[in-house]
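First the structure, in the form of structure tokens, and then the observations on it.
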Amino acid sequence: MAASLAHRVAFVLVSCLLASSEPLGPAGGAKGVCTSERQCLLEPVEIDLRPYTDSDNYSDSDRERVTKRWSEAFETLGVVQVTGHGVPNKLIETLRAEALKFFDKPVDHKSNFTYGPYGTEKGGYTPTGIESVAQSVKGVKAPADLVENFVFRYLEGSPYWEPPNTIGWEALPFPSGKQYISEMERLLATIHRVSADALSLPDSDYFISYYKSPNGNALRLSNYPKQEVFPEAGQYRYGAHVDYGGFTLLLQDPTDGVGMGGLEVQDPKSKRWLTVLPRKGRDGEEAYTVNVGDLWQRWTNDLWHANNHRVGNPTKSTGARLALVFFSGPRADALIEPLPGHGKSKYPPATAGDLLQEKLQRSNL
């Protein structure tokens with residue numbers, strides 16, 4: 001594939017060979033085939049955000065190239081990997097270590113940090129057996145996901161900034177969580193500026209008012225335990241779904257790969273599941289895998305694609321998997337309707353909060 005074409009497509013297929021040479025559907029112009037084990041490797045398009053995060057050293061034309069590729073990616077498979085984001089590697093390493101230490105504890109200990117059902121605005125710990133994300137899709141019934149998680153829902157200026165039961169941040173298992181959330185808020189603001197420019201909105205800061213605190217942003221630390229027994233039929237580490245809100249900023253487990261039980265995205269043409277590989281940027285920074293939730297599909301009136309994805313089960317001997325996931329969403333009362341220039345809505349009017357709660361209620365077992 002020519003380099004110029006690779007820059008125009010949403011995904012670059014790295015390795016896809018099938019004994020029957022059955023082709024995958026085109027991914028923004030890319031084509032490929034799968035292995036005899038029906039396993040496919042791919043790399044999302046990498047978008048370096050430095051023209052926005054280090055704007056003084058870049059030109060308007062540099063930023064235009066970023067927004068062009070951003071639009072093309074989200075109009076096809078709906079996912080990119082961003083580098084040049086400025087999140088310190090040391091902070092990532094520290095939070096990972098804190099999370100691994102916490103999830104290694106007995107369930108009785110971890111349950112001290114359960115503040116309500118999954119999705120409560122207070123966040124906290126949710127053990128395995130509680131959530132079935134595939135059921136967020138209307139009409140779907142599925143077994144519980146093979147995941148446990150801890151969610152931070154503390155927003156500056158909201159009543160939940162201080163953790164429940166007067167436990168200070170220093171007493172929580174993740175003392176670096178607050179700093180990491182601050183970095184995610186900064187990165188999200190950059191991504192919103194890129195998106196506003198890509199959609200030719202009148203102001204690069206168009207989305208600030210939608211995300212005033214308290215909003216729907218949340219940091220979720222997801223631990224997928226080592227699988228000691230075979231999953232039930234239709235059971236996955238995290239079932240197939242479309243994300244509920246705005247952008248998702250995912251830091252994958254560095255061990256993600258074919259057969260390792262990591263992130264998989266469904267190609268909308270062929271319906272095949274494609275394994276997403278982690279990557280690093282030019283300065284060694286870990287890339288964030290970024291996709292849009294269904295609110296963005298509503299906002300853009302189906303111009304941007306909210307992709308179907310899951311966390312598969314490992315087919316090789318492997319341990320637990322840890323993912324750092326920052327979900328974003330507007331304030332609960334924000335009315336989600338087409339952005340300027342995107343025509344008459346294809347969807348009934350709804351607020352961000354109502355749409356989120358509808359899916360959360362279906363996904364809780």
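Just remember, in the structure tokens the first chain shown is A, the second B, etc., residues are 1-based per chain, and ligands are 1-based in the order shown.
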Checklist entry - Using only C-alpha atoms, which residues sit within 8 Å of Ala350 in chain A once same-chain residues fewer than 4 positions away are excluded, as a PyMOL selection string? => result chain A and resi 335-337+354-355
Let's see if you can do this: from backbone DSSP, list all strand (DSSP E) residues in range 64-279 of chain A, as a CSV table (one decimal) with all heavy atoms, in the first residue's frame.
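The resulting file, states_36.csv, is shown below:
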```csv
chain,number,residue,atom,x,y,z
A,79,VAL,N,-12.0,5.1,14.7
A,79,VAL,CA,-11.0,5.0,15.8
A,79,VAL,C,-9.6,5.4,15.2
A,79,VAL,O,-9.3,5.3,14.0
A,79,VAL,CB,-10.9,3.5,16.3
A,79,VAL,CG1,-10.4,2.6,15.1
A,79,VAL,CG2,-10.0,3.4,17.5
A,80,VAL,N,-8.8,6.1,16.1
A,80,VAL,CA,-7.5,6.5,15.8
A,80,VAL,C,-6.6,6.2,17.0
A,80,VAL,O,-7.1,5.8,18.0
A,80,VAL,CB,-7.4,8.0,15.5
A,80,VAL,CG1,-8.2,8.4,14.3
A,80,VAL,CG2,-7.7,8.8,16.7
A,81,GLN,N,-5.3,6.3,16.8
A,81,GLN,CA,-4.3,6.3,17.9
A,81,GLN,C,-3.6,7.6,17.9
A,81,GLN,O,-3.0,8.0,16.9
A,81,GLN,CB,-3.4,5.1,17.8
A,81,GLN,CG,-4.1,3.8,18.1
A,81,GLN,CD,-3.2,2.5,18.0
A,81,GLN,OE1,-2.4,2.4,17.1
A,81,GLN,NE2,-3.3,1.6,18.9
A,82,VAL,N,-3.6,8.3,19.0
A,82,VAL,CA,-3.0,9.6,19.1
A,82,VAL,C,-1.7,9.5,19.9
A,82,VAL,O,-1.6,8.9,20.9
A,82,VAL,CB,-3.9,10.6,19.7
A,82,VAL,CG1,-5.2,10.8,18.9
A,82,VAL,CG2,-4.3,10.3,21.2
A,83,THR,N,-0.7,10.2,19.3
A,83,THR,CA,0.6,10.4,20.0
A,83,THR,C,0.8,11.9,20.1
A,83,THR,O,0.0,12.7,19.7
A,83,THR,CB,1.7,9.7,19.1
A,83,THR,OG1,1.7,10.3,17.8
A,83,THR,CG2,1.5,8.2,19.1
A,124,GLY,N,-16.3,4.1,42.1
A,124,GLY,CA,-16.0,3.0,43.0
A,124,GLY,C,-15.7,1.7,42.4
A,124,GLY,O,-15.6,1.6,41.1
A,125,TYR,N,-15.6,0.6,43.2
A,125,TYR,CA,-15.3,-0.7,42.7
A,125,TYR,C,-16.5,-1.5,42.3
A,125,TYR,O,-17.5,-1.5,43.0
A,125,TYR,CB,-14.5,-1.4,43.8
A,125,TYR,CG,-14.2,-2.9,43.5
A,125,TYR,CD1,-13.3,-3.2,42.5
A,125,TYR,CD2,-14.9,-3.9,44.1
A,125,TYR,CE1,-13.0,-4.6,42.2
A,125,TYR,CE2,-14.6,-5.3,43.8
A,125,TYR,CZ,-13.7,-5.6,42.9
A,125,TYR,OH,-13.4,-6.9,42.5
A,126,THR,N,-16.4,-2.3,41.2
A,126,THR,CA,-17.4,-3.2,40.8
A,126,THR,C,-16.7,-4.5,40.5
A,126,THR,O,-15.8,-4.6,39.7
A,126,THR,CB,-18.1,-2.7,39.5
A,126,THR,OG1,-18.7,-1.5,39.7
A,126,THR,CG2,-19.2,-3.7,39.1
A,148,GLU,N,-13.4,-6.8,36.2
A,148,GLU,CA,-13.7,-6.0,37.4
A,148,GLU,C,-13.1,-4.6,37.2
A,148,GLU,O,-12.2,-4.4,36.3
A,148,GLU,CB,-13.0,-6.6,38.7
A,148,GLU,CG,-11.5,-6.8,38.6
A,148,GLU,CD,-10.9,-7.4,39.8
A,148,GLU,OE1,-11.5,-7.4,40.9
A,148,GLU,OE2,-9.7,-7.9,39.7
A,149,ASN,N,-13.7,-3.6,37.9
A,149,ASN,CA,-13.2,-2.2,37.6
A,149,ASN,C,-13.3,-1.3,38.8
A,149,ASN,O,-14.0,-1.6,39.7
A,149,ASN,CB,-14.0,-1.7,36.4
A,149,ASN,CG,-15.4,-1.4,36.7
A,149,ASN,OD1,-15.8,-0.5,37.4
A,149,ASN,ND2,-16.3,-2.3,36.2
A,150,PHE,N,-12.6,-0.2,38.7
A,150,PHE,CA,-12.7,0.9,39.6
A,150,PHE,C,-12.9,2.1,38.8
A,150,PHE,O,-12.1,2.4,37.9
A,150,PHE,CB,-11.5,1.0,40.5
A,150,PHE,CG,-11.6,1.9,41.7
A,150,PHE,CD1,-11.8,1.4,43.0
A,150,PHE,CD2,-11.7,3.3,41.6
A,150,PHE,CE1,-12.0,2.2,44.1
A,150,PHE,CE2,-11.9,4.1,42.6
A,150,PHE,CZ,-12.0,3.6,43.9
A,151,VAL,N,-13.9,2.9,39.2
A,151,VAL,CA,-14.3,4.1,38.4
A,151,VAL,C,-14.1,5.3,39.3
A,151,VAL,O,-14.6,5.4,40.4
A,151,VAL,CB,-15.7,4.0,37.9
A,151,VAL,CG1,-16.1,5.4,37.3
A,151,VAL,CG2,-15.8,2.9,36.9
A,152,PHE,N,-13.4,6.3,38.8
A,152,PHE,CA,-13.3,7.7,39.4
A,152,PHE,C,-14.4,8.6,38.8
A,152,PHE,O,-14.4,8.8,37.6
A,152,PHE,CB,-12.0,8.3,39.2
A,152,PHE,CG,-10.8,7.6,39.9
A,152,PHE,CD1,-10.0,6.7,39.3
A,152,PHE,CD2,-10.6,7.9,41.3
A,152,PHE,CE1,-9.0,6.1,40.0
A,152,PHE,CE2,-9.6,7.4,42.0
A,152,PHE,CZ,-8.7,6.4,41.3
A,218,ALA,N,-15.3,10.1,33.2
A,218,ALA,CA,-15.0,9.2,34.2
A,218,ALA,C,-13.8,8.4,33.8
A,218,ALA,O,-13.6,8.0,32.7
A,218,ALA,CB,-16.2,8.2,34.5
A,219,LEU,N,-12.9,8.1,34.8
A,219,LEU,CA,-11.7,7.3,34.6
A,219,LEU,C,-12.1,5.9,35.1
A,219,LEU,O,-12.5,5.7,36.3
A,219,LEU,CB,-10.5,7.8,35.3
A,219,LEU,CG,-9.3,6.9,35.4
A,219,LEU,CD1,-8.8,6.6,34.0
A,219,LEU,CD2,-8.2,7.5,36.3
A,220,ARG,N,-11.9,4.9,34.3
A,220,ARG,CA,-12.2,3.5,34.7
A,220,ARG,C,-10.9,2.7,34.5
A,220,ARG,O,-10.3,2.6,33.5
A,220,ARG,CB,-13.3,2.9,33.8
A,220,ARG,CG,-13.5,1.4,34.0
A,220,ARG,CD,-14.7,0.9,33.2
A,220,ARG,NE,-14.7,-0.5,32.9
A,220,ARG,CZ,-15.7,-1.3,32.9
A,220,ARG,NH1,-16.9,-0.8,33.1
A,220,ARG,NH2,-15.5,-2.6,32.6
A,221,LEU,N,-10.5,2.1,35.6
A,221,LEU,CA,-9.4,1.1,35.6
A,221,LEU,C,-10.0,-0.2,35.5
A,221,LEU,O,-10.7,-0.7,36.4
A,221,LEU,CB,-8.6,1.3,36.9
A,221,LEU,CG,-8.2,2.7,37.3
A,221,LEU,CD1,-7.4,2.7,38.6
A,221,LEU,CD2,-7.3,3.3,36.2
A,222,SER,N,-9.8,-0.9,34.4
A,222,SER,CA,-10.4,-2.2,34.1
A,222,SER,C,-9.4,-3.3,34.2
A,222,SER,O,-8.4,-3.3,33.5
A,222,SER,CB,-11.0,-2.2,32.7
A,222,SER,OG,-12.0,-1.2,32.6
A,223,ASN,N,-9.7,-4.3,35.0
A,223,ASN,CA,-8.8,-5.5,35.2
A,223,ASN,C,-9.6,-6.7,34.7
A,223,ASN,O,-10.7,-7.0,35.1
A,223,ASN,CB,-8.4,-5.7,36.6
A,223,ASN,CG,-7.5,-6.8,36.8
A,223,ASN,OD1,-6.4,-6.8,36.2
A,223,ASN,ND2,-7.8,-7.8,37.6
A,224,TYR,N,-9.0,-7.4,33.7
A,224,TYR,CA,-9.5,-8.6,33.2
A,224,TYR,C,-8.7,-9.8,33.7
A,224,TYR,O,-7.6,-10.0,33.2
A,224,TYR,CB,-9.4,-8.6,31.6
A,224,TYR,CG,-10.1,-7.3,31.0
A,224,TYR,CD1,-9.4,-6.1,30.9
A,224,TYR,CD2,-11.5,-7.4,30.7
A,224,TYR,CE1,-10.0,-5.0,30.4
A,224,TYR,CE2,-12.1,-6.2,30.1
A,224,TYR,CZ,-11.4,-5.1,30.0
A,224,TYR,OH,-12.0,-3.9,29.5
A,238,TYR,N,-15.1,-8.5,27.7
A,238,TYR,CA,-16.0,-7.4,27.6
A,238,TYR,C,-16.8,-7.5,26.3
A,238,TYR,O,-16.2,-7.5,25.2
A,238,TYR,CB,-15.2,-6.0,27.7
A,238,TYR,CG,-16.0,-4.9,28.3
A,238,TYR,CD1,-16.6,-5.1,29.6
A,238,TYR,CD2,-16.1,-3.7,27.7
A,238,TYR,CE1,-17.3,-4.0,30.2
A,238,TYR,CE2,-16.8,-2.6,28.3
A,238,TYR,CZ,-17.4,-2.8,29.6
A,238,TYR,OH,-18.1,-1.8,30.2
A,239,GLY,N,-18.1,-7.6,26.4
A,239,GLY,CA,-18.9,-8.0,25.2
A,239,GLY,C,-18.9,-6.9,24.2
A,239,GLY,O,-18.6,-5.7,24.4
A,240,ALA,N,-19.4,-7.2,23.0
A,240,ALA,CA,-19.5,-6.3,21.9
A,240,ALA,C,-20.5,-5.2,22.2
A,240,ALA,O,-21.6,-5.4,22.6
A,240,ALA,CB,-19.9,-7.0,20.6
A,241,HIS,N,-20.1,-4.0,21.9
A,241,HIS,CA,-20.9,-2.8,22.2
A,241,HIS,C,-20.4,-1.6,21.5
A,241,HIS,O,-19.3,-1.5,21.0
A,241,HIS,CB,-20.9,-2.5,23.7
A,241,HIS,CG,-19.5,-2.1,24.2
A,241,HIS,ND1,-18.5,-3.0,24.4
A,241,HIS,CD2,-19.0,-0.9,24.6
A,241,HIS,CE1,-17.4,-2.3,24.8
A,241,HIS,NE2,-17.7,-1.1,25.0
A,247,PHE,N,-16.0,10.9,23.4
A,247,PHE,CA,-14.7,10.2,23.1
A,247,PHE,C,-14.3,9.3,24.2
A,247,PHE,O,-14.5,9.6,25.4
A,247,PHE,CB,-13.6,11.2,22.9
A,247,PHE,CG,-13.7,11.9,21.5
A,247,PHE,CD1,-14.2,13.2,21.4
A,247,PHE,CD2,-13.2,11.2,20.4
A,247,PHE,CE1,-14.2,13.8,20.2
A,247,PHE,CE2,-13.3,11.9,19.2
A,247,PHE,CZ,-13.8,13.2,19.1
A,248,THR,N,-13.8,8.1,23.9
A,248,THR,CA,-13.1,7.2,24.8
A,248,THR,C,-11.6,7.3,24.6
A,248,THR,O,-11.2,7.1,23.4
A,248,THR,CB,-13.6,5.8,24.7
A,248,THR,OG1,-15.0,5.8,24.9
A,248,THR,CG2,-12.9,4.9,25.7
A,249,LEU,N,-10.8,7.5,25.6
A,249,LEU,CA,-9.4,7.6,25.5
A,249,LEU,C,-8.8,6.4,26.2
A,249,LEU,O,-8.8,6.3,27.5
A,249,LEU,CB,-8.9,8.9,26.2
A,249,LEU,CG,-9.0,10.2,25.4
A,249,LEU,CD1,-10.4,10.5,25.0
A,249,LEU,CD2,-8.4,11.3,26.3
A,250,LEU,N,-8.4,5.4,25.5
A,250,LEU,CA,-8.0,4.1,26.0
A,250,LEU,C,-6.5,3.9,26.0
A,250,LEU,O,-5.9,4.1,24.9
A,250,LEU,CB,-8.6,3.0,25.2
A,250,LEU,CG,-8.1,1.6,25.4
A,250,LEU,CD1,-8.3,1.1,26.8
A,250,LEU,CD2,-8.7,0.6,24.4
A,251,LEU,N,-5.9,3.6,27.1
A,251,LEU,CA,-4.5,3.2,27.1
A,251,LEU,C,-4.5,1.6,27.2
A,251,LEU,O,-4.9,1.1,28.3
A,251,LEU,CB,-3.8,3.8,28.3
A,251,LEU,CG,-2.2,3.8,28.2
A,251,LEU,CD1,-1.8,4.7,27.0
A,251,LEU,CD2,-1.6,4.3,29.5
A,263,LEU,N,-8.2,-5.7,22.9
A,263,LEU,CA,-9.2,-4.9,22.1
A,263,LEU,C,-9.4,-5.4,20.7
A,263,LEU,O,-8.4,-5.6,20.0
A,263,LEU,CB,-8.8,-3.4,22.1
A,263,LEU,CG,-9.7,-2.5,21.3
A,263,LEU,CD1,-11.1,-2.4,21.9
A,263,LEU,CD2,-9.0,-1.1,21.2
A,264,GLU,N,-10.6,-5.6,20.3
A,264,GLU,CA,-11.0,-6.0,19.0
A,264,GLU,C,-12.1,-5.0,18.4
A,264,GLU,O,-13.0,-4.7,19.2
A,264,GLU,CB,-11.5,-7.4,18.9
A,264,GLU,CG,-10.5,-8.4,19.4
A,264,GLU,CD,-11.1,-9.8,19.5
A,264,GLU,OE1,-12.3,-10.0,19.4
A,264,GLU,OE2,-10.3,-10.8,19.8
A,265,VAL,N,-11.9,-4.6,17.2
A,265,VAL,CA,-12.9,-3.7,16.5
A,265,VAL,C,-13.5,-4.5,15.4
A,265,VAL,O,-12.8,-5.2,14.6
A,265,VAL,CB,-12.2,-2.4,16.1
A,265,VAL,CG1,-13.1,-1.6,15.2
A,265,VAL,CG2,-11.7,-1.6,17.2
A,266,GLN,N,-14.8,-4.3,15.2
A,266,GLN,CA,-15.5,-5.0,14.1
A,266,GLN,C,-15.5,-4.1,12.8
A,266,GLN,O,-15.9,-2.9,12.9
A,266,GLN,CB,-16.9,-5.3,14.5
A,266,GLN,CG,-17.6,-6.2,13.5
A,266,GLN,CD,-19.0,-6.6,14.0
A,266,GLN,OE1,-19.8,-5.7,14.5
A,266,GLN,NE2,-19.4,-7.8,13.8
A,273,TRP,N,-13.7,-9.4,13.2
A,273,TRP,CA,-13.2,-8.8,14.4
A,273,TRP,C,-11.7,-8.7,14.2
A,273,TRP,O,-11.0,-9.6,13.9
A,273,TRP,CB,-13.5,-9.6,15.6
A,273,TRP,CG,-14.9,-9.5,16.0
A,273,TRP,CD1,-15.9,-10.4,15.7
A,273,TRP,CD2,-15.5,-8.4,16.7
A,273,TRP,NE1,-17.1,-10.0,16.2
A,273,TRP,CE2,-16.9,-8.8,16.8
A,273,TRP,CE3,-15.1,-7.2,17.2
A,273,TRP,CZ2,-17.8,-7.9,17.4
A,273,TRP,CZ3,-16.0,-6.4,17.8
A,273,TRP,CH2,-17.4,-6.7,17.9
A,274,LEU,N,-11.2,-7.5,14.3
A,274,LEU,CA,-9.8,-7.1,14.0
A,274,LEU,C,-9.1,-6.7,15.3
A,274,LEU,O,-9.5,-5.8,16.0
A,274,LEU,CB,-9.7,-6.0,13.0
A,274,LEU,CG,-10.6,-6.1,11.8
A,274,LEU,CD1,-10.6,-4.9,11.0
A,274,LEU,CD2,-10.2,-7.3,11.0
A,275,THR,N,-8.0,-7.3,15.6
A,275,THR,CA,-7.2,-7.1,16.8
A,275,THR,C,-6.4,-5.8,16.7
A,275,THR,O,-5.6,-5.6,15.8
A,275,THR,CB,-6.2,-8.2,17.1
A,275,THR,OG1,-7.0,-9.4,17.3
A,275,THR,CG2,-5.4,-7.9,18.4
A,276,VAL,N,-6.6,-4.9,17.6
A,276,VAL,CA,-5.9,-3.6,17.6
A,276,VAL,C,-4.6,-3.7,18.4
A,276,VAL,O,-4.6,-4.1,19.6
A,276,VAL,CB,-6.8,-2.5,18.2
A,276,VAL,CG1,-6.1,-1.1,18.2
A,276,VAL,CG2,-8.1,-2.3,17.5
```
Checklist entry - Which residues, written as a ChimeraX atom specification, have at least one atom at most 8 Å from Gly84 in chain A, with only C-alpha atoms counted and residues fewer than 6 positions away on the same chain left out? => result /A:48-50,53,281,285
Would you save the residues from that selection as a tab-separated table (two decimals), in the first residue's frame, using all heavy atoms?
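Now in again.tsv:
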```tsv
chain	number	residue	atom	x	y	z
A	48	ASP	N	-0.52	12.42	15.17
A	48	ASP	CA	0.34	13.15	16.08
A	48	ASP	C	-0.33	14.49	16.41
A	48	ASP	O	-0.58	15.31	15.51
A	48	ASP	CB	1.70	13.36	15.43
A	48	ASP	CG	2.75	13.90	16.40
A	48	ASP	OD1	2.38	14.63	17.35
A	48	ASP	OD2	3.94	13.60	16.20
A	49	LEU	N	-0.61	14.72	17.68
A	49	LEU	CA	-1.33	15.92	18.10
A	49	LEU	C	-0.43	17.12	18.35
A	49	LEU	O	-0.92	18.18	18.76
A	49	LEU	CB	-2.13	15.62	19.38
A	49	LEU	CG	-3.29	14.63	19.25
A	49	LEU	CD1	-3.94	14.43	20.61
A	49	LEU	CD2	-4.31	15.12	18.24
A	50	ARG	N	0.85	17.01	18.07
A	50	ARG	CA	1.76	18.11	18.38
A	50	ARG	C	1.37	19.44	17.72
A	50	ARG	O	1.59	20.50	18.31
A	50	ARG	CB	3.19	17.73	18.02
A	50	ARG	CG	3.82	16.75	19.03
A	50	ARG	CD	5.23	16.34	18.60
A	50	ARG	NE	5.84	15.44	19.58
A	50	ARG	CZ	5.65	14.11	19.59
A	50	ARG	NH1	4.85	13.57	18.67
A	50	ARG	NH2	6.22	13.36	20.49
A	53	THR	N	-0.91	20.46	20.52
A	53	THR	CA	-0.35	20.52	21.88
A	53	THR	C	0.90	21.38	21.95
A	53	THR	O	1.29	21.83	23.03
A	53	THR	CB	-0.03	19.10	22.38
A	53	THR	OG1	0.93	18.48	21.50
A	53	THR	CG2	-1.29	18.25	22.46
A	281	GLY	N	4.71	6.47	20.09
A	281	GLY	CA	5.03	7.60	19.24
A	281	GLY	C	6.51	7.77	19.05
A	281	GLY	O	7.34	6.99	19.53
A	285	GLU	N	6.39	7.70	23.61
A	285	GLU	CA	5.15	7.82	24.39
A	285	GLU	C	4.14	6.78	23.91
A	285	GLU	O	4.05	6.46	22.73
A	285	GLU	CB	4.54	9.22	24.26
A	285	GLU	CG	3.91	9.58	22.93
A	285	GLU	CD	4.88	10.08	21.88
A	285	GLU	OE1	6.10	9.84	22.05
A	285	GLU	OE2	4.44	10.69	20.90
```
Checklist entry - Taking into account only C-alpha atoms, which residue in the set A:Gln252, A:Asn215, A:Ser328, A:Ser136 is nearest to Glu121 in chain A? => result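 Of all the options, A:Asn215 lies closest to Glu121 in chain A.
Relative to CA of Leu188 in chain A, CA of Leu91 in chain A is found at 17.0 Å.
Nearest to Ala97 in chain A of all the residues A:Pro175, A:Gly129, A:Gly312, A:Pro143 is A:Pro175, based on only C-alpha atoms.
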Item to check | Residues within 12 Å of Asp243 in chain A, only C-alpha atoms, excluding chain neighbours under 3 positions, as number ranges by chain | outcome: A: 78-79, 133-134, 136-137, 238-240, 246-250, 290-297, 305-310, 325-329, 355-356, 359-360, 363
